[in-house]
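Quick look at start.cif (mmCIF, C-alpha atoms):
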```cif
data_data
loop_
_atom_site.label_atom_id
_atom_site.label_comp_id
_atom_site.auth_asym_id
_atom_site.auth_seq_id
_atom_site.Cartn_x
_atom_site.Cartn_y
_atom_site.Cartn_z
CA MET A 128 101.18 134.60 110.36
CA ILE A 129 99.45 132.01 112.56
CA LYS A 130 97.88 129.16 110.60
CA LYS A 131 94.71 128.03 112.37
CA GLN A 132 94.17 124.31 111.92
CA HIS A 133 90.96 123.07 113.52
CA TYR A 134 91.30 119.67 115.16
CA VAL A 135 87.51 119.71 115.55
CA PRO A 136 86.34 120.71 112.05
CA ARG A 137 84.13 123.75 111.69
CA VAL A 138 81.87 121.90 109.25
CA TYR A 139 81.18 119.38 112.04
CA LEU A 140 80.57 122.09 114.66
CA LYS A 141 78.04 123.84 112.40
CA ALA A 142 75.36 121.45 113.68
CA TRP A 143 75.60 123.14 117.12
CA VAL A 144 75.47 126.70 115.79
CA THR A 145 72.62 128.77 117.18
CA LYS A 146 72.04 132.35 118.28
CA VAL A 147 74.40 133.02 121.19
CA GLU A 148 75.67 135.90 123.26
CA SER A 149 78.98 136.68 124.91
CA SER A 150 79.57 137.84 128.48
CA LYS A 151 81.12 141.04 127.10
CA ASN A 152 77.94 142.05 125.32
CA SER A 153 74.85 140.08 126.31
CA GLN A 154 72.61 142.30 124.17
CA LYS A 155 74.30 141.36 120.92
CA HIS A 156 73.37 137.97 119.48
CA PHE A 157 75.35 136.23 116.78
CA ASP A 158 75.69 132.81 115.15
CA GLY A 159 77.92 130.58 117.26
CA VAL A 160 78.04 127.94 119.98
CA TYR A 161 78.18 127.95 123.75
CA TYR A 162 81.67 127.05 124.87
CA PHE A 163 82.31 125.72 128.38
CA GLU A 164 85.81 125.59 129.84
CA ASN A 165 86.52 123.20 132.72
CA LYS A 166 83.64 123.48 135.21
CA ASN A 167 82.03 126.71 133.99
CA THR A 168 78.35 126.77 134.86
CA VAL A 169 77.57 129.32 132.11
CA GLY A 170 78.79 128.96 128.55
CA GLU A 171 80.51 131.68 126.59
CA GLY A 172 79.16 132.47 123.13
CA ARG A 173 81.91 131.91 120.54
CA LYS A 174 82.17 131.75 116.78
CA ILE A 175 83.25 128.33 115.57
CA GLU A 176 86.09 129.88 113.55
CA ASN A 177 87.77 130.88 116.81
CA ILE A 178 87.65 127.66 118.83
CA LEU A 179 89.22 124.21 118.92
CA TRP A 180 92.26 124.91 116.76
CA SER A 181 96.02 124.77 117.12
CA PRO A 182 98.65 126.61 115.09
CA HIS A 183 100.24 124.47 112.38
CA LEU A 184 98.96 121.21 113.87
CA TYR A 185 99.15 119.40 110.52
CA THR A 186 101.83 121.54 108.95
CA VAL A 187 105.16 119.96 108.02
CA LYS A 188 107.95 122.55 108.12
CA PHE A 189 111.11 121.89 106.16
CA ASN A 190 114.17 121.27 108.34
CA SER A 191 117.52 120.91 106.63
CA ASN A 192 118.78 118.88 109.60
CA LYS A 193 116.04 116.24 109.29
CA VAL A 194 115.66 115.67 105.57
CA LYS A 195 116.03 111.89 105.88
CA LEU A 196 112.86 111.78 108.00
CA PHE A 197 110.84 113.25 105.11
CA LYS A 198 111.73 110.31 102.87
CA LYS A 199 109.11 108.28 104.76
CA TYR A 200 106.54 110.64 103.25
CA PRO A 201 107.14 110.67 99.46
CA LYS A 202 104.40 113.23 98.71
CA ILE A 203 105.83 115.64 101.27
CA TYR A 204 109.41 114.99 100.14
CA ASN A 205 108.45 115.78 96.54
CA PHE A 206 106.63 118.92 97.69
CA PHE A 207 109.85 120.19 99.30
CA VAL A 208 111.90 119.28 96.22
CA ASN A 209 109.53 121.29 94.01
CA LYS A 210 109.51 124.28 96.34
CA ILE A 211 113.31 124.37 96.64
CA TYR A 212 113.67 124.07 92.87
CA THR A 213 111.19 126.94 92.37
CA LEU A 214 112.96 129.15 94.93
CA MET A 215 116.37 128.61 93.31
CA LYS A 216 115.18 128.85 89.71
CA GLY A 217 113.01 131.87 90.43
CA ASN A 218 115.55 133.76 92.52
CA GLU A 219 115.73 137.43 91.57
CA PRO A 220 117.58 139.00 89.86
CA ILE A 221 119.67 135.91 89.02
CA PRO A 222 118.68 132.24 89.46
CA VAL A 223 120.72 130.07 91.84
CA TYR A 224 121.81 126.44 91.73
CA GLY A 225 123.36 124.11 94.29
CA GLU A 226 126.65 122.25 94.04
CA TRP A 227 127.80 119.22 95.96
CA LYS A 228 130.80 117.00 95.30
CA GLY A 229 131.09 118.25 91.75
CA ASN A 230 127.38 117.80 90.96
CA GLU A 231 125.49 120.84 89.71
CA LEU A 232 122.00 120.72 91.22
CA LYS A 233 119.87 122.53 88.68
CA THR A 234 117.06 120.03 88.09
CA LYS A 235 114.34 118.54 90.25
CA ASP A 236 115.87 115.10 89.80
CA SER A 237 119.27 116.24 91.07
CA ILE A 238 117.73 118.08 94.02
CA TYR A 239 115.70 114.96 94.88
CA LYS A 240 118.82 112.79 94.76
CA TYR A 241 121.00 114.94 96.99
CA LEU A 242 118.47 116.74 99.20
CA ASP A 243 119.50 114.90 102.37
CA ASN A 244 122.95 116.55 102.02
CA ILE A 245 121.54 120.05 101.60
CA ASN A 246 123.48 121.44 104.58
CA ASN A 247 126.67 120.60 102.69
CA TRP A 248 125.67 122.22 99.40
CA ASP A 249 127.33 125.34 98.08
CA PHE A 250 125.27 127.83 96.13
CA TYR A 251 126.12 129.77 92.99
CA TYR A 252 124.35 132.30 90.85
CA TYR A 253 123.95 131.34 87.21
CA ASN A 254 126.60 133.98 86.37
CA GLY A 255 129.16 131.95 88.34
CA ASN A 256 129.36 134.11 91.48
CA GLU A 257 129.03 132.40 94.85
CA ALA A 258 125.75 132.93 96.74
CA LYS A 259 125.34 133.16 100.50
CA LYS A 260 124.71 129.64 101.72
CA LYS A 261 123.13 130.58 105.06
CA ALA A 262 120.62 132.92 103.42
CA PHE A 263 119.32 130.19 101.14
CA LEU A 264 119.21 127.52 103.84
CA ASN A 265 117.19 129.94 105.99
CA LYS A 266 114.84 130.52 103.06
CA PHE A 267 114.37 126.77 102.59
CA ASN A 268 113.78 126.23 106.29
CA ASP A 269 110.84 128.62 106.01
CA ILE A 270 108.97 126.31 103.63
CA TYR A 271 105.67 125.02 105.03
CA CYS A 272 103.79 122.03 103.62
CA TYR A 273 100.00 121.96 104.07
CA LEU A 274 99.29 118.70 102.23
CA LEU A 275 97.79 116.93 105.26
CA GLU A 276 95.48 119.83 106.08
CA ASN A 277 94.37 120.00 102.45
CA GLU A 278 93.66 116.26 102.42
CA PHE A 279 91.54 116.53 105.56
CA SER A 280 89.45 119.16 103.79
CA LYS A 281 89.18 117.33 100.48
CA ARG A 282 88.53 113.80 101.72
CA PHE A 283 86.45 114.44 104.82
CA GLU A 284 85.32 117.95 105.62
CA ASN A 285 84.04 118.88 102.16
CA ILE A 286 81.72 115.86 102.12
CA TRP A 287 80.68 115.68 105.79
CA GLU A 288 77.32 117.45 105.50
CA ASN A 289 76.29 115.20 102.62
CA VAL A 290 77.46 112.06 104.47
CA TYR A 291 75.61 113.08 107.65
CA GLN A 292 72.38 114.00 105.87
CA SER A 293 72.43 110.85 103.71
CA PHE A 294 72.94 108.67 106.77
CA ILE A 295 70.11 110.23 108.79
CA SER A 296 67.81 110.24 105.76
CA GLU A 297 68.37 106.53 105.00
CA VAL A 298 67.87 105.49 108.62
CA GLU A 299 64.61 107.42 108.94
CA LYS A 300 63.35 106.29 105.51
CA ASN A 301 64.10 102.60 106.10
CA LEU A 302 63.22 102.40 109.78
CA TYR A 303 61.54 99.07 110.61
CA LEU A 304 59.35 98.80 113.71
CA ASN A 305 61.11 101.88 115.06
CA SER A 306 64.12 99.74 116.00
CA SER A 307 66.47 99.24 113.03
CA ALA A 308 67.13 100.30 109.45
CA LYS A 309 69.10 98.95 106.54
CA VAL A 310 71.56 101.53 105.17
CA SER A 311 73.76 101.28 102.09
CA GLN A 312 77.29 100.02 102.70
CA GLU A 313 78.80 103.11 101.06
CA ILE A 314 77.07 105.50 103.44
CA ILE A 315 77.97 103.33 106.44
CA GLU A 316 81.62 103.20 105.43
CA ASN A 317 81.68 106.97 104.92
CA MET A 318 80.38 107.45 108.46
CA VAL A 319 82.95 105.03 109.88
CA SER A 320 85.72 106.79 107.93
CA PHE A 321 84.72 110.20 109.28
CA PHE A 322 84.50 108.85 112.82
CA LEU A 323 87.99 107.33 112.60
CA MET A 324 89.35 110.51 111.08
CA MET A 325 88.03 112.40 114.12
CA LEU A 326 89.51 109.76 116.42
CA CYS A 327 92.97 110.19 114.88
CA ARG A 328 92.86 113.93 114.33
CA ASN A 329 94.70 115.10 117.43
CA LEU A 330 97.69 113.33 118.99
CA LYS A 331 96.76 114.86 122.32
CA PHE A 332 93.65 112.71 122.73
CA ASP A 333 95.10 109.40 121.46
CA GLY A 334 91.69 107.82 120.81
CA LEU A 335 92.98 104.25 120.36
CA GLY A 336 95.64 104.40 123.08
CA SER A 337 98.52 103.39 120.81
CA TYR A 338 100.64 106.50 121.32
CA SER A 339 100.30 106.26 125.09
CA TRP A 340 101.46 102.65 124.84
CA ILE A 341 104.52 103.79 122.88
CA ALA A 342 105.26 106.49 125.45
CA ASP A 343 104.94 104.07 128.39
CA ASN A 344 107.42 101.68 126.81
CA LEU A 345 109.89 104.45 126.03
CA GLU A 346 109.65 105.74 129.59
CA GLN A 347 110.61 102.29 130.85
CA ILE A 348 113.92 102.50 128.99
CA LYS A 349 114.57 106.06 130.19
CA PHE A 350 113.97 108.10 127.03
CA SER A 351 113.78 111.84 127.68
CA ASP A 352 110.40 113.59 127.57
CA ASP A 353 111.42 115.51 124.44
CA SER A 354 112.50 112.31 122.66
CA ILE A 355 109.25 110.55 123.60
CA GLU A 356 107.18 113.45 122.28
CA GLU A 357 109.15 113.54 119.03
CA ILE A 358 108.76 109.78 118.48
CA LYS A 359 105.02 109.87 119.28
CA THR A 360 104.53 112.75 116.86
CA ASP A 361 106.43 110.89 114.15
CA PHE A 362 104.22 107.80 114.58
CA TRP A 363 101.12 110.00 114.51
CA PHE A 364 102.20 111.71 111.31
CA GLN A 365 102.88 108.33 109.75
CA ASP A 366 99.31 107.28 110.56
CA LEU A 367 97.86 110.49 109.13
CA TYR A 368 99.93 110.05 105.96
CA ARG A 369 98.71 106.47 105.59
CA ILE A 370 95.10 107.62 105.81
CA PHE A 371 95.48 109.74 102.71
CA TYR A 372 98.13 108.12 100.58
CA GLY A 373 97.10 104.61 99.84
CA THR A 374 98.62 102.12 102.22
CA ASN A 375 96.74 99.49 104.17
CA LYS A 376 99.00 99.88 107.18
CA GLY A 377 98.51 102.05 110.23
CA ILE A 378 96.07 102.31 113.08
CA TYR A 379 93.30 104.02 111.09
CA ASN A 380 93.23 101.40 108.34
CA LYS A 381 93.35 98.45 110.75
CA ALA A 382 90.54 99.93 112.83
CA PHE A 383 88.46 100.55 109.70
CA VAL A 384 88.79 96.91 108.59
CA ASN A 385 87.87 95.63 112.06
CA ILE A 386 84.83 97.88 112.43
CA VAL A 387 83.52 97.04 108.95
CA ARG A 388 83.93 93.33 109.71
CA ASP A 389 82.74 93.15 113.32
CA GLY A 390 81.05 96.43 114.21
CA LYS A 391 77.48 97.56 114.59
CA LEU A 392 76.16 101.12 114.38
CA VAL A 393 73.60 102.46 116.84
CA LEU A 394 71.91 105.79 116.16
CA VAL A 395 70.49 107.44 119.28
CA LYS A 396 68.01 110.29 118.83
CA ALA A 397 67.45 112.84 121.58
CA ASN A 398 63.70 112.67 122.17
CA SER A 399 63.58 115.60 124.58
CA LYS A 400 64.34 119.28 124.99
CA ARG A 401 67.73 118.29 126.39
CA LYS A 402 70.17 117.87 123.47
CA PHE A 403 73.51 116.19 122.95
CA ILE A 404 76.71 118.12 123.49
CA THR A 405 80.10 117.66 121.91
CA SER A 406 83.61 118.46 123.12
CA ASP A 407 87.21 119.12 122.13
CA ASN A 408 87.53 115.30 121.89
CA PRO A 409 84.31 114.38 120.08
CA ALA A 410 85.20 110.82 118.98
CA PHE A 411 86.36 108.42 121.65
CA ILE A 412 86.18 104.96 123.20
CA HIS A 413 84.24 104.62 126.42
CA MET A 414 84.95 101.59 128.59
CA SER A 415 83.56 101.19 132.10
CA LYS A 416 83.08 98.14 134.32
CA VAL A 417 81.11 99.95 137.02
CA GLU A 418 78.08 101.27 135.15
CA MET A 419 74.83 99.42 135.78
CA GLU A 420 73.92 99.74 132.10
CA ASN A 421 76.45 98.74 129.47
CA LYS A 422 77.31 101.90 127.56
CA ASN A 423 80.72 100.75 126.35
CA GLY A 424 81.77 101.38 122.77
CA PHE A 425 82.89 104.09 120.37
CA TYR A 426 81.08 107.42 120.82
CA PHE A 427 80.54 110.16 118.28
CA PRO A 428 77.91 112.91 118.82
CA ILE A 429 77.06 113.97 115.27
CA SER A 430 74.58 116.75 116.08
CA PRO A 431 72.53 118.06 119.00
CA ASN A 432 69.82 115.59 117.98
CA TYR A 433 71.87 112.47 117.25
CA LEU A 434 74.59 110.39 118.88
CA LEU A 435 76.34 107.65 116.93
CA LEU A 436 77.60 104.59 118.80
CA ILE A 437 79.74 101.82 117.33
CA VAL A 438 79.54 98.60 119.30
CA LYS A 439 80.38 94.96 118.75
CA GLY A 440 78.12 93.23 116.26
CA GLY A 441 78.04 90.07 114.24
CA ASN A 442 79.90 89.37 111.02
CA ASN A 443 78.78 91.62 108.17
CA SER A 444 76.04 93.26 110.25
CA LEU A 445 77.31 96.81 109.84
CA ASN A 446 74.67 98.03 107.40
CA ILE A 447 71.81 97.17 109.80
CA VAL A 448 71.68 100.25 112.01
CA GLU A 449 70.02 99.92 115.39
CA TYR A 450 67.81 102.90 116.26
CA ARG A 451 67.11 104.14 119.77
CA THR A 452 65.53 107.18 121.34
CA ALA A 453 66.74 108.81 124.53
CA ASP A 454 64.62 110.70 127.01
CA SER A 455 65.93 113.70 128.93
CA ASP A 456 67.54 111.62 131.68
CA MET A 457 69.25 109.31 129.20
CA VAL A 458 70.55 112.26 127.15
CA ARG A 459 71.97 113.70 130.37
CA LYS A 460 73.76 110.41 131.09
CA TYR A 461 75.21 110.30 127.60
CA ASN A 462 76.29 113.94 127.92
CA GLN A 463 78.09 113.14 131.15
CA ILE A 464 80.06 110.47 129.29
CA ILE A 465 80.84 112.87 126.42
CA ALA A 466 81.94 115.59 128.86
CA SER A 467 84.12 113.15 130.83
CA HIS A 468 86.13 112.33 127.71
CA GLY A 469 86.65 115.97 126.75
CA SER A 470 89.98 117.46 127.67
CA GLU A 471 88.95 120.97 128.69
CA ILE A 472 86.09 122.12 126.48
CA ILE A 473 82.49 121.14 125.89
CA VAL A 474 80.26 122.69 123.22
CA SER A 475 76.48 123.06 123.40
CA THR A 476 73.47 124.86 122.00
CA GLU A 477 72.51 125.70 125.60
CA LYS A 478 74.03 128.48 127.69
CA GLU A 479 73.51 126.85 131.11
CA ARG A 480 75.41 123.73 132.09
CA GLY A 481 72.49 122.54 134.18
CA LYS A 482 70.35 122.16 131.06
CA ILE A 483 72.79 119.74 129.44
CA LEU A 484 74.35 117.88 132.37
#
```

Give the structure from this file in structure tokens form.
Amino acid sequence: MIKKQHYVPRVYLKAWVTKVESSKNSQKHFDGVYYFENKNTVGEGRKIENILWSPHLYTVKFNSNKVKLFKKYPKIYNFFVNKIYTLMKGNEPIPVYGEWKGNELKTKDSIYKYLDNINNWDFYYYNGNEAKKKAFLNKFNDIYCYLLENEFSKRFENIWENVYQSFISEVEKNLYLNSSAKVSQEIIENMVSFFLMMLCRNLKFDGLGSYSWIADNLEQIKFSDDSIEEIKTDFWFQDLYRIFYGTNKGIYNKAFVNIVRDGKLVLVKANSKRKFITSDNPAFIHMSKVEMENKNGFYFPISPNYLLLIVKGGNNSLNIVEYRTADSDMVRKYNQIIASHGSEIIVSTEKERGKIL
């Protein structure tokens, strides 16, 4: 069964949901978004459940040949220990245990200790008869761990609507001279956390450029493409793990500290019929030396009505949010930037590309 894991969360895309139609049946309207691939001039109506996902993107699959790699991720390592113990202890009709170098592996502690030698274990039923080693290794190699996906849901997606609404509400309530608003530090930090989570959520987009830097250096010393991809993925998983399991290391945590210390939030409201779009890469850094107006910074469209920018500010100025409005032409310019950083897909409430770009 394919496990859909959305690298652009559905709870985030809900802000763009409207009544749409598909090219297959233009008479039937349903709740969805307009989905533009490449240079399509007309969007296709799609349900958000069916877009912007990859199979098993955050899944860690057990591999008996790479057990030592899992030791870098204690929560995941323990998950595999528990699953293997359960599979052996619960084997029907007779439980099974492992044996290696005279050690009977019947407890979680013993499995934990010798798991990195699992390919060398022998297996026995509790009645003393030998069990088929290959069959049990195959069973173990079919174990999937969804801890990272579950953490994304628990720590970010389940609270996003409340974070978004609280942020907009505080800005509008505390707006001073229609130019800035003081917002609580907790709400600001929640917004920054969600933005950074989106920035790190897909290795493909490499929002901070670190994985591309790793790849470039490995190419210089003639690593194979497969090896480079494996190493990049390993670094990425380490960063995701650090987000959720309490270390201060990693790209996400360093970026969070720097933004909280030196950043400034700018909320831009679309003050026109033209609305903001989003894409398959909704959180990104935009840097350009050729634009007449300085629009450099972190970008994060948070709804059709609002675009969040994170730019350089002064020390401890993060909770003073600058507020701007954008007319139709300015929204179009921002949408062009958002579309240029998308990989293949843009998402809109509008069916015609000309109305957004």

For CA of Tyr239 in chain A and CA of Leu184 in chain A, the interatomic separation in Å (one decimal):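 Interatomic distance here is 26.1 Å.
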
Evaluate the PyMOL selection byres ((chain A and resi 300-313) around 7) on the structure here and hand back the selected residues as a list in words.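 After applying the PyMOL selection byres ((chain A and resi 300-313) around 7), what remains is Ser296, Glu297, Val298, Glu299, Ile314, Ile315, Glu316, Asn317, Asn446, Ile447, Val448, Glu449, Tyr450 and Arg451 of chain A.
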
Written selection (C-alpha atoms) as a PDB file, keeping the file's coordinate frame:
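Writing the result to result-v8.pdb gives the following:
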```
ATOM      1  CA  SER A 296      67.810 110.240 105.760  1.00  0.00           C
ATOM      2  CA  GLU A 297      68.370 106.530 105.000  1.00  0.00           C
ATOM      3  CA  VAL A 298      67.870 105.490 108.620  1.00  0.00           C
ATOM      4  CA  GLU A 299      64.610 107.420 108.940  1.00  0.00           C
ATOM      5  CA  ILE A 314      77.070 105.500 103.440  1.00  0.00           C
ATOM      6  CA  ILE A 315      77.970 103.330 106.440  1.00  0.00           C
ATOM      7  CA  GLU A 316      81.620 103.200 105.430  1.00  0.00           C
ATOM      8  CA  ASN A 317      81.680 106.970 104.920  1.00  0.00           C
ATOM      9  CA  ASN A 446      74.670  98.030 107.400  1.00  0.00           C
ATOM     10  CA  ILE A 447      71.810  97.170 109.800  1.00  0.00           C
ATOM     11  CA  VAL A 448      71.680 100.250 112.010  1.00  0.00           C
ATOM     12  CA  GLU A 449      70.020  99.920 115.390  1.00  0.00           C
ATOM     13  CA  TYR A 450      67.810 102.900 116.260  1.00  0.00           C
ATOM     14  CA  ARG A 451      67.110 104.140 119.770  1.00  0.00           C
TER      15      ARG A 451
END
```

When you look at Phe403 in chain A with a cut-off of 9 Å (counting all atoms listed in the file), what residues show up, excluding the ones that are within fewer than 6 positions of it in the same chain? I need them as a count of residues only. 16

Pull out every residue that the PyMOL selection byres ((chain A and resi 411) around 8) matches in the shown coordinates and put them as a ChimeraX atom specification. /A:326,334-335,408-410,412-413,425-427,468

Which residue is closest to Thr405 in chain A? Choose from A:Ser320, A:Thr234, A:Gln463, A:Asn285 and count all atoms listed in the file.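 Of all the options, A:Gln463 lies closest to Thr405 in chain A.
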
Once the PyMOL selection byres ((chain A and resi 177-180) around 12) is applied to the coordinates I shared, what remains selected? I want it as an MDAnalysis selection string. chainID A and resid 129:137 139:140 159:164 171:176 181:185 328:329 405:409 469:474

What's the separation between CA of Glu226 in chain A and CA of Ala262 in chain A, in Å to one decimal place?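 Computed distance, CA of Glu226 in chain A to CA of Ala262 in chain A, equals 15.4 Å.
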
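Take the candidates A:Asp243, A:Asp454, A:Glu356, A:Glu231 and check each one against Tyr204 in chain A using only C-alpha atoms; the shortest distance goes to A:Asp243.
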
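Between CA of Val147 in chain A and CA of Ser399 in chain A the interatomic distance comes to 20.8 Å.
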
Applying 10 Å and only C-alpha atoms, which residues near Lys228 in chain A remain after dropping the ones on its own chain fewer than 6 positions away? List them as a PyMOL selection string. chain A and resi 247-249

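Distances here use only C-alpha atoms; by that measure, the residue among A:Ile404, A:Val223, A:Ile245, A:Leu330 closest to Val194 in chain A is A:Ile245.
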
Build an axis-aligned box that encloses every atom of range 173-188 of chain A listed in the file, pad it by 3 Å on each side, and report its centre and edge lengths in Å to one decimal, as lines of an AutoDock Vina configuration file.
```
center_x = 94.9
center_y = 125.7
center_z = 114.3
size_x = 32.0
size_y = 18.5
size_z = 18.5
```

Pick from A:Leu345, A:Ile221, A:Ala453, A:Ile211 nearest to Asn268 in chain A, counting all atoms listed in the file: A:Ile211
